[in-house]
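So this block is query34.txt, compact mmCIF, C-alpha atoms:
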# COMPACT_ATOMS: atom_id res chain seq x y z
CA MET Y 292 97.17 32.68 -3.04
CA SER Y 293 94.89 30.30 -1.14
CA GLU Y 294 91.83 28.69 -2.71
CA SER Y 295 89.47 30.74 -0.53
CA GLU Y 296 91.19 33.96 -1.60
CA LEU Y 297 90.82 32.89 -5.22
CA THR Y 298 87.10 32.20 -4.66
CA MET Y 299 86.61 35.61 -3.11
CA ALA Y 300 88.42 37.40 -5.90
CA THR Y 301 86.15 39.24 -8.26
CA GLY Y 302 88.24 40.26 -11.29
CA HIS Y 303 89.77 37.81 -13.77
CA GLU Y 304 93.15 39.50 -13.40
CA VAL Y 305 93.25 38.42 -9.76
CA LEU Y 306 92.78 34.79 -10.75
CA MET Y 307 95.61 34.85 -13.29
CA GLU Y 308 99.10 34.14 -12.07
CA ALA Y 309 102.00 36.03 -13.60
CA SER Y 310 104.14 34.08 -16.06
CA PRO Y 311 107.14 32.54 -14.25
CA TYR Y 312 109.24 33.61 -17.24
CA HIS Y 313 108.14 37.27 -16.96
CA ILE Y 314 107.46 37.44 -20.67
CA GLU Y 315 104.29 37.69 -22.71
CA LYS Y 316 102.48 34.55 -23.84
CA LYS Y 317 103.08 35.23 -27.53
CA LYS Y 318 106.80 35.54 -26.91
CA LEU Y 319 106.86 32.32 -24.89
CA GLY Y 320 104.90 30.65 -27.69
CA MET Y 321 107.50 31.86 -30.19
CA TRP Y 322 110.29 30.41 -28.03
CA VAL Y 323 108.53 27.04 -27.96
CA PHE Y 324 108.19 27.19 -31.75
CA ILE Y 325 111.87 28.16 -32.11
CA VAL Y 326 113.00 25.22 -29.97
CA SER Y 327 110.90 22.77 -31.99
CA ASP Y 328 112.06 24.29 -35.27
CA ALA Y 329 115.69 24.17 -34.12
CA CYS Y 330 115.24 20.44 -33.52
CA THR Y 331 113.75 20.08 -37.03
CA PHE Y 332 116.75 21.80 -38.62
CA ALA Y 333 119.12 19.80 -36.42
CA THR Y 334 117.49 16.57 -37.61
CA PHE Y 335 117.92 17.62 -41.25
CA LEU Y 336 121.57 18.55 -40.66
CA PHE Y 337 122.29 15.34 -38.75
CA GLY Y 338 120.65 13.40 -41.60
CA TYR Y 339 122.96 15.17 -44.04
CA GLY Y 340 125.94 14.36 -41.81
CA TYR Y 341 124.86 10.73 -41.67
CA MET Y 342 124.73 10.46 -45.45
CA ARG Y 343 127.99 12.30 -45.88
CA VAL Y 344 129.91 10.16 -43.39
CA GLY Y 345 128.38 6.98 -44.83
CA SER Y 346 129.32 7.88 -48.41
CA GLN Y 347 132.86 7.37 -49.69
CA ASN Y 348 132.60 9.42 -52.88
CA TRP Y 349 131.04 12.63 -51.60
CA GLY Y 350 133.49 14.92 -53.37
CA THR Y 351 133.99 18.68 -53.21
CA LEU Y 352 131.29 20.35 -55.21
CA PHE Y 353 131.19 24.13 -54.83
CA GLU Y 354 133.47 26.46 -56.75
CA PHE Y 355 134.55 29.75 -55.18
CA SER Y 356 131.81 31.65 -57.05
CA SER Y 357 129.17 29.67 -55.11
CA ILE Y 358 131.05 30.23 -51.84
CA LEU Y 359 131.23 33.95 -52.60
CA ASN Y 360 127.50 33.96 -53.25
CA GLY Y 361 127.04 32.21 -49.88
CA ILE Y 362 129.22 34.82 -48.13
CA ILE Y 363 127.15 37.66 -49.62
CA MET Y 364 123.93 35.85 -48.58
CA THR Y 365 125.28 35.47 -45.04
CA PHE Y 366 126.22 39.15 -44.80
CA VAL Y 367 122.81 40.16 -46.16
CA LEU Y 368 121.04 38.02 -43.55
CA LEU Y 369 123.24 39.29 -40.71
CA SER Y 370 122.56 42.88 -41.82
CA SER Y 371 118.83 42.12 -41.78
CA SER Y 372 119.14 41.07 -38.12
CA LEU Y 373 120.58 44.48 -37.38
CA THR Y 374 117.78 46.29 -39.22
CA MET Y 375 115.27 44.10 -37.34
CA LEU Y 376 116.84 45.17 -34.03
CA ALA Y 377 116.55 48.79 -35.15
CA ALA Y 378 112.88 48.21 -36.02
CA VAL Y 379 112.18 46.75 -32.56
CA ARG Y 380 113.97 49.69 -30.93
CA ALA Y 381 111.95 52.15 -33.01
CA THR Y 382 108.63 50.52 -32.07
CA GLN Y 383 109.62 50.56 -28.39
CA ALA Y 384 110.35 54.28 -28.72
CA GLY Y 385 107.00 54.78 -30.46
CA GLN Y 386 108.69 56.02 -33.65
CA LYS Y 387 106.27 54.67 -36.23
CA ALA Y 388 107.93 56.12 -39.32
CA SER Y 389 111.34 54.85 -38.27
CA ALA Y 390 109.91 51.42 -37.40
CA ASN Y 391 108.31 51.20 -40.85
CA LYS Y 392 111.59 52.14 -42.51
CA TRP Y 393 113.57 49.48 -40.64
CA LEU Y 394 110.91 46.79 -41.07
CA GLY Y 395 110.79 47.57 -44.80
CA LEU Y 396 114.58 47.34 -45.02
CA THR Y 397 114.54 44.00 -43.18
CA MET Y 398 111.97 42.66 -45.64
CA LEU Y 399 114.05 43.98 -48.55
CA LEU Y 400 117.20 42.26 -47.25
CA GLY Y 401 115.23 39.04 -46.73
CA THR Y 402 114.00 39.28 -50.31
CA VAL Y 403 117.57 39.87 -51.58
CA PHE Y 404 118.69 36.77 -49.66
CA ALA Y 405 115.88 34.72 -51.23
CA ILE Y 406 116.75 35.98 -54.74
CA LEU Y 407 120.45 35.18 -54.27
CA HIS Y 408 119.50 31.75 -52.98
CA LEU Y 409 117.13 31.03 -55.87
CA ARG Y 410 119.81 32.20 -58.30
CA GLU Y 411 122.14 29.56 -56.83
CA TRP Y 412 119.42 26.92 -57.16
CA VAL Y 413 118.68 27.87 -60.80
CA LYS Y 414 122.40 27.68 -61.59
CA MET Y 415 122.70 24.22 -60.00
CA ILE Y 416 119.55 22.90 -61.66
CA GLY Y 417 120.91 24.24 -64.97
CA GLU Y 418 124.11 22.26 -64.36
CA GLY Y 419 122.02 19.11 -64.02
CA TRP Y 420 121.65 18.83 -60.24
CA ARG Y 421 118.48 17.05 -59.17
CA LEU Y 422 117.22 15.66 -55.85
CA PHE Y 423 118.72 12.25 -56.60
CA TYR Y 424 121.18 12.97 -59.40
CA ASN Y 425 124.70 14.33 -59.11
CA PRO Y 426 126.01 15.53 -62.51
CA MET Y 427 129.57 15.45 -61.16
CA GLY Y 428 129.44 11.72 -60.62
CA GLY Y 429 129.77 11.81 -56.82
CA ALA Y 430 127.24 10.82 -54.18
CA ALA Y 431 123.70 11.19 -55.55
CA GLN Y 432 122.37 12.09 -52.08
CA PHE Y 433 124.03 15.52 -52.13
CA GLY Y 434 121.20 17.01 -54.21
CA ALA Y 435 118.57 15.73 -51.77
CA CYS Y 436 120.55 17.02 -48.78
CA PHE Y 437 121.32 20.41 -50.30
CA PHE Y 438 117.89 21.17 -51.72
CA SER Y 439 116.01 19.94 -48.64
CA VAL Y 440 118.12 21.75 -46.03
CA THR Y 441 118.50 25.01 -47.96
CA GLY Y 442 114.90 24.73 -49.21
CA LEU Y 443 113.61 24.44 -45.65
CA HIS Y 444 115.65 27.48 -44.68
CA LEU Y 445 114.54 29.42 -47.76
CA THR Y 446 110.91 28.62 -46.88
CA HIS Y 447 111.53 30.09 -43.44
CA VAL Y 448 113.04 33.26 -44.93
CA ILE Y 449 110.16 33.75 -47.39
CA SER Y 450 107.62 33.04 -44.61
CA GLY Y 451 109.48 35.53 -42.41
CA VAL Y 452 109.31 38.25 -45.06
CA ILE Y 453 105.56 37.66 -45.46
CA ALA Y 454 105.04 37.57 -41.67
CA LEU Y 455 106.98 40.82 -41.25
CA GLY Y 456 104.73 42.37 -43.90
CA PHE Y 457 101.63 41.37 -41.95
CA VAL Y 458 103.11 42.59 -38.66
CA ALA Y 459 104.15 45.92 -40.22
CA ARG Y 460 100.66 46.38 -41.65
CA GLY Y 461 99.03 45.52 -38.33
CA TYR Y 462 101.40 47.86 -36.49
CA ASN Y 463 100.53 50.72 -38.86
CA GLN Y 464 96.81 50.06 -38.44
CA GLY Y 465 97.19 50.01 -34.66
CA ARG Y 466 96.12 46.36 -34.33
CA TYR Y 467 99.62 45.27 -33.27
CA ASP Y 468 102.01 46.85 -30.82
CA GLU Y 469 105.76 46.70 -30.19
CA SER Y 470 105.51 43.27 -28.57
CA HIS Y 471 104.26 41.80 -31.87
CA VAL Y 472 107.21 43.35 -33.71
CA GLU Y 473 109.58 42.00 -31.05
CA THR Y 474 108.11 38.50 -31.34
CA ALA Y 475 108.43 38.61 -35.13
CA GLY Y 476 112.02 39.78 -34.59
CA LEU Y 477 112.75 36.70 -32.47
CA TYR Y 478 111.72 34.51 -35.40
CA TRP Y 479 113.82 36.54 -37.81
CA HIS Y 480 116.95 36.26 -35.66
CA PHE Y 481 116.37 32.53 -35.34
CA VAL Y 482 116.24 32.15 -39.14
CA ASP Y 483 119.48 34.13 -39.30
CA LEU Y 484 121.19 31.92 -36.70
CA VAL Y 485 120.12 28.70 -38.44
CA TRP Y 486 121.94 29.94 -41.55
CA MET Y 487 125.10 30.21 -39.41
CA PHE Y 488 125.04 26.39 -39.36
CA VAL Y 489 123.67 25.77 -42.87
CA PHE Y 490 126.34 27.89 -44.60
CA PRO Y 491 129.45 26.19 -43.13
CA LEU Y 492 127.99 22.69 -43.23
CA MET Y 493 126.34 22.76 -46.68
CA TYR Y 494 128.64 25.18 -48.52
CA LEU Y 495 132.06 25.38 -46.84
CA MET Y 496 132.34 21.66 -46.10
CA ASN Y 497 131.71 21.04 -49.82
CA ALA Y 498 134.03 23.73 -51.21
CA ARG Y 499 136.60 22.79 -53.84
CA MET G 153 112.45 43.42 -23.03
CA SER G 154 112.64 42.65 -19.39
CA SER G 155 115.70 44.62 -18.46
CA ASN G 156 116.96 48.15 -18.74
CA GLU G 157 120.57 47.01 -19.08
CA GLU G 158 120.19 46.45 -22.80
CA LEU G 159 122.96 47.40 -25.19
CA GLY G 160 122.82 50.42 -27.46
CA MET G 161 122.54 50.13 -31.25
CA GLY G 162 126.28 50.81 -31.56
CA SER G 163 127.03 47.67 -29.55
CA TYR G 164 124.66 45.65 -31.73
CA VAL G 165 126.45 46.91 -34.85
CA GLY G 166 129.70 45.71 -33.23
CA ILE G 167 128.18 42.29 -32.50
CA VAL G 168 126.94 41.86 -36.09
CA ILE G 169 130.34 42.94 -37.48
CA GLY G 170 131.93 40.40 -35.11
CA LEU G 171 129.64 37.70 -36.50
CA MET G 172 130.64 38.70 -40.04
CA ILE G 173 134.32 38.43 -39.08
CA ILE G 174 133.68 34.90 -37.78
CA VAL G 175 132.12 34.03 -41.17
CA VAL G 176 135.27 35.33 -42.90
CA ILE G 177 137.42 33.22 -40.53
CA GLU G 178 135.32 30.17 -41.47
CA VAL G 179 135.93 30.81 -45.17
CA VAL G 180 139.68 31.31 -44.62
CA LEU G 181 139.83 28.04 -42.64
CA THR G 182 138.00 26.26 -45.46
CA TYR G 183 140.72 27.16 -47.94
CA GLN G 184 143.55 26.07 -45.62
CA HIS G 185 142.89 22.49 -46.85
CA LEU G 186 142.70 21.13 -43.32
CA PRO G 187 141.78 17.47 -42.70
CA VAL G 188 137.99 17.06 -42.98
CA ARG G 189 137.49 16.26 -39.29
CA THR G 190 139.59 19.25 -38.17
CA LEU G 191 137.71 21.55 -40.54
CA LEU G 192 134.33 20.21 -39.42
CA PHE G 193 135.25 20.62 -35.75
CA SER G 194 136.53 24.17 -36.32
CA LEU G 195 133.49 25.23 -38.34
CA LEU G 196 131.06 23.74 -35.81
CA CYS G 197 132.82 25.48 -32.91
CA LEU G 198 132.66 28.81 -34.73
CA ALA G 199 129.00 28.25 -35.71
CA CYS G 200 128.14 27.42 -32.06
CA LEU G 201 129.93 30.60 -30.96
CA GLU G 202 127.89 32.62 -33.48
CA ALA G 203 124.68 30.95 -32.32
CA PHE G 204 125.50 31.59 -28.66
CA VAL G 205 126.24 35.29 -29.27
CA GLY G 206 123.12 35.60 -31.44
CA ILE G 207 120.83 33.93 -28.92
CA MET G 208 122.18 35.84 -25.95
CA TYR G 209 122.36 39.30 -27.51
CA LEU G 210 120.29 39.49 -30.73
CA MET G 211 117.48 37.36 -29.28
CA HIS G 212 117.93 39.05 -25.88
CA VAL G 213 118.06 35.88 -23.79
CA LYS G 214 120.76 37.57 -21.72
CA TYR G 215 118.17 40.12 -20.61
CA GLU G 216 115.30 37.69 -20.01
CA SER G 217 114.47 35.66 -16.91
CA ARG G 218 117.08 32.99 -16.16
CA LEU G 219 114.24 30.50 -15.87
CA LEU G 220 113.59 30.92 -19.60
CA PHE G 221 117.22 30.06 -20.35
CA TRP G 222 117.20 27.01 -18.06
CA THR G 223 113.87 25.82 -19.45
CA ILE G 224 114.85 26.04 -23.08
CA PHE G 225 118.52 25.24 -23.44
CA PRO G 226 119.20 22.08 -21.44
CA ALA G 227 116.22 20.38 -23.14
CA THR G 228 117.32 21.49 -26.61
CA LEU G 229 120.91 20.49 -25.90
CA PHE G 230 119.70 17.08 -24.71
CA VAL G 231 117.87 16.52 -28.03
CA LEU G 232 120.95 17.58 -30.01
CA VAL G 233 123.20 15.27 -27.99
CA MET G 234 120.78 12.36 -28.41
CA LEU G 235 120.80 12.86 -32.19
CA ASN G 236 124.42 11.73 -32.15
CA TYR G 237 123.27 8.14 -31.76
CA LEU G 238 123.35 7.74 -35.54
CA TRP G 239 127.09 8.18 -36.12
CA PRO G 240 128.08 4.55 -35.43
CA ASP G 241 125.68 3.46 -38.15
CA ALA G 242 127.05 6.08 -40.56
CA TYR G 243 130.57 4.72 -40.01
CA ARG G 244 129.22 1.17 -40.47
CA MET G 245 127.83 2.25 -43.86
CA ALA G 246 131.17 3.81 -44.77
CA ARG G 247 133.01 0.58 -43.87
CA MET G 248 130.50 -1.46 -45.88
CA SER G 249 131.01 0.68 -48.97
CA LEU G 250 134.76 0.08 -48.62
CA GLY G 251 134.09 -3.67 -48.41
CA LYS G 252 135.57 -4.00 -44.89
Step by step, read the file and then write its structure as structure tokens.
Amino acid sequence: MSESELTMATGHEVLMEASPYHIEKKKLGMWVFIVSDACTFATFLFGYGYMRVGSQNWGTLFEFSSILNGIIMTFVLLSSSLTMLAAVRATQAGQKASANKWLGLTMLLGTVFAILHLREWVKMIGEGWRLFYNPMGGAAQFGACFFSVTGLHLTHVISGVIALGFVARGYNQGRYDESHVETAGLYWHFVDLVWMFVFPLMYLMNAR
Amino acid sequence: MSSNEELGMGSYVGIVIGLMIIVVIEVVLTYQHLPVRTLLFSLLCLACLEAFVGIMYLMHVKYESRLLFWTIFPATLFVLVMLNYLWPDAYRMARMSLGK
């Protein structure tokens, strides 16, 4: 559109160009956040890799019970992605009751994941693990790596559960529509996919 | 969603079950007592596969504008590749701790 055409235009909608990505601004904003957050997690994981490669006495730390707990956590999180997809589908179909059910289930699964994760933390702290102390006599940095990486992820899960609660409430009150639920879903899937790297690198690579 | 070609819920259930199977494969590989580098490479490949499937299908990038894909992924990949600059120093630390 030429400058003169823009000057002659009367409505604001005429002056606004369509997004080149053909998606809503909030969704694009979420993608920008996801990219930056992915880089944050990558930095943490690379830092962990750096310390692990640079340490000669890293050791193998997790017994099968911890790995099993990790497997259950992974399955719970993957299932929550499915329930989130169902919630998005229900909002797109205008099925409010169904959307509420699936959003509630997603929040429940996120809460179960957080509880399982905190249980693992409590167990490790009870065994004497601290940020800079390894009770098994290996590399002291493992505690810092494990608690910071999994703690960052756990913070994301808890934030996600709270955010989903706000979105569900707003959706029920009519303040939010299906695009808000879809954008929240993007975040939830991202948190799920980050765990697909955290679990093998933090748990499986340290299995006995 | 920007496309009508989206999958049905049944397909999504299949994708999530597939991701769970990959997790089981990762665990099985872990207990094969492979050399650390082989295990790390295998686990990273499987994790990247999971991430790719998740991004394309669960996060619907497959159904969005291609411009979104080409805006986001090369830049992110570039950052991830650049982060690899630290490995030589990690190996230097390992050699130092061995007294070499």
Q: Identify every residue of chain Y that has at least one atom within 7 Å of any atom of chain G, counting all atoms listed in the file, and report the result as a list in words.
A: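 Close enough to count are Tyr312, His313, Val326, Tyr341, Met342, Val344, Gly345, Ser346, Gln347, Phe366, Leu369, Leu373, Leu477, His480, Leu484, Met487, Phe488, Pro491 and Leu495 of chain Y.
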Q.
Calculated over all atoms listed in the file, which of the candidates Y:Val323, Y:Leu492, Y:Ala475, Y:Met427 has the smallest distance to Gly338 (chain Y)?
A.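 Among the listed residues, the smallest separation from Gly338 (chain Y) belongs to Y:Leu492.
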Q: Would you kindly return, as a PyMOL selection string, each protein, DNA or RNA residue with an atom no farther than 10 Å from any atom of Gly442 (chain Y), considering all atoms listed in the file and excluding same-chain residues fewer than 5 positions away?
A: chain Y and resi 408-409+412+436-437+447-448
Q.
One decimal, in Å: what's the spacing between CA of Val403 (chain Y) and CA of Met364 (chain Y)?
A. 8.1 Å
Please list as a PDB file with C-alpha atoms, keeping the file's coordinate frame every residue within 12 Å of Arg460 (chain Y), counting only C-alpha atoms and excluding residues in the same chain fewer than 3 positions away.
ATOM      1  CA  LYS Y 387     106.270  54.670 -36.230  1.00  0.00           C
ATOM      2  CA  ALA Y 390     109.910  51.420 -37.400  1.00  0.00           C
ATOM      3  CA  ASN Y 391     108.310  51.200 -40.850  1.00  0.00           C
ATOM      4  CA  LEU Y 394     110.910  46.790 -41.070  1.00  0.00           C
ATOM      5  CA  GLY Y 395     110.790  47.570 -44.800  1.00  0.00           C
ATOM      6  CA  ILE Y 453     105.560  37.660 -45.460  1.00  0.00           C
ATOM      7  CA  ALA Y 454     105.040  37.570 -41.670  1.00  0.00           C
ATOM      8  CA  LEU Y 455     106.980  40.820 -41.250  1.00  0.00           C
ATOM      9  CA  GLY Y 456     104.730  42.370 -43.900  1.00  0.00           C
ATOM     10  CA  PHE Y 457     101.630  41.370 -41.950  1.00  0.00           C
ATOM     11  CA  ASN Y 463     100.530  50.720 -38.860  1.00  0.00           C
ATOM     12  CA  GLN Y 464      96.810  50.060 -38.440  1.00  0.00           C
ATOM     13  CA  GLY Y 465      97.190  50.010 -34.660  1.00  0.00           C
ATOM     14  CA  ARG Y 466      96.120  46.360 -34.330  1.00  0.00           C
ATOM     15  CA  TYR Y 467      99.620  45.270 -33.270  1.00  0.00           C
ATOM     16  CA  ASP Y 468     102.010  46.850 -30.820  1.00  0.00           C
ATOM     17  CA  HIS Y 471     104.260  41.800 -31.870  1.00  0.00           C
ATOM     18  CA  VAL Y 472     107.210  43.350 -33.710  1.00  0.00           C
TER      19      VAL Y 472
END
Q: Go ahead and compute the interatomic distance for CA of Trp349 (chain Y) and CA of Trp486 (chain Y), in Å to one decimal.
A: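 The value is 22.0 Å.
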Q. Which value, in Å to one decimal, gives the distance between CA of Leu407 (chain Y) and CA of Tyr494 (chain Y)?
A. 14.1 Å
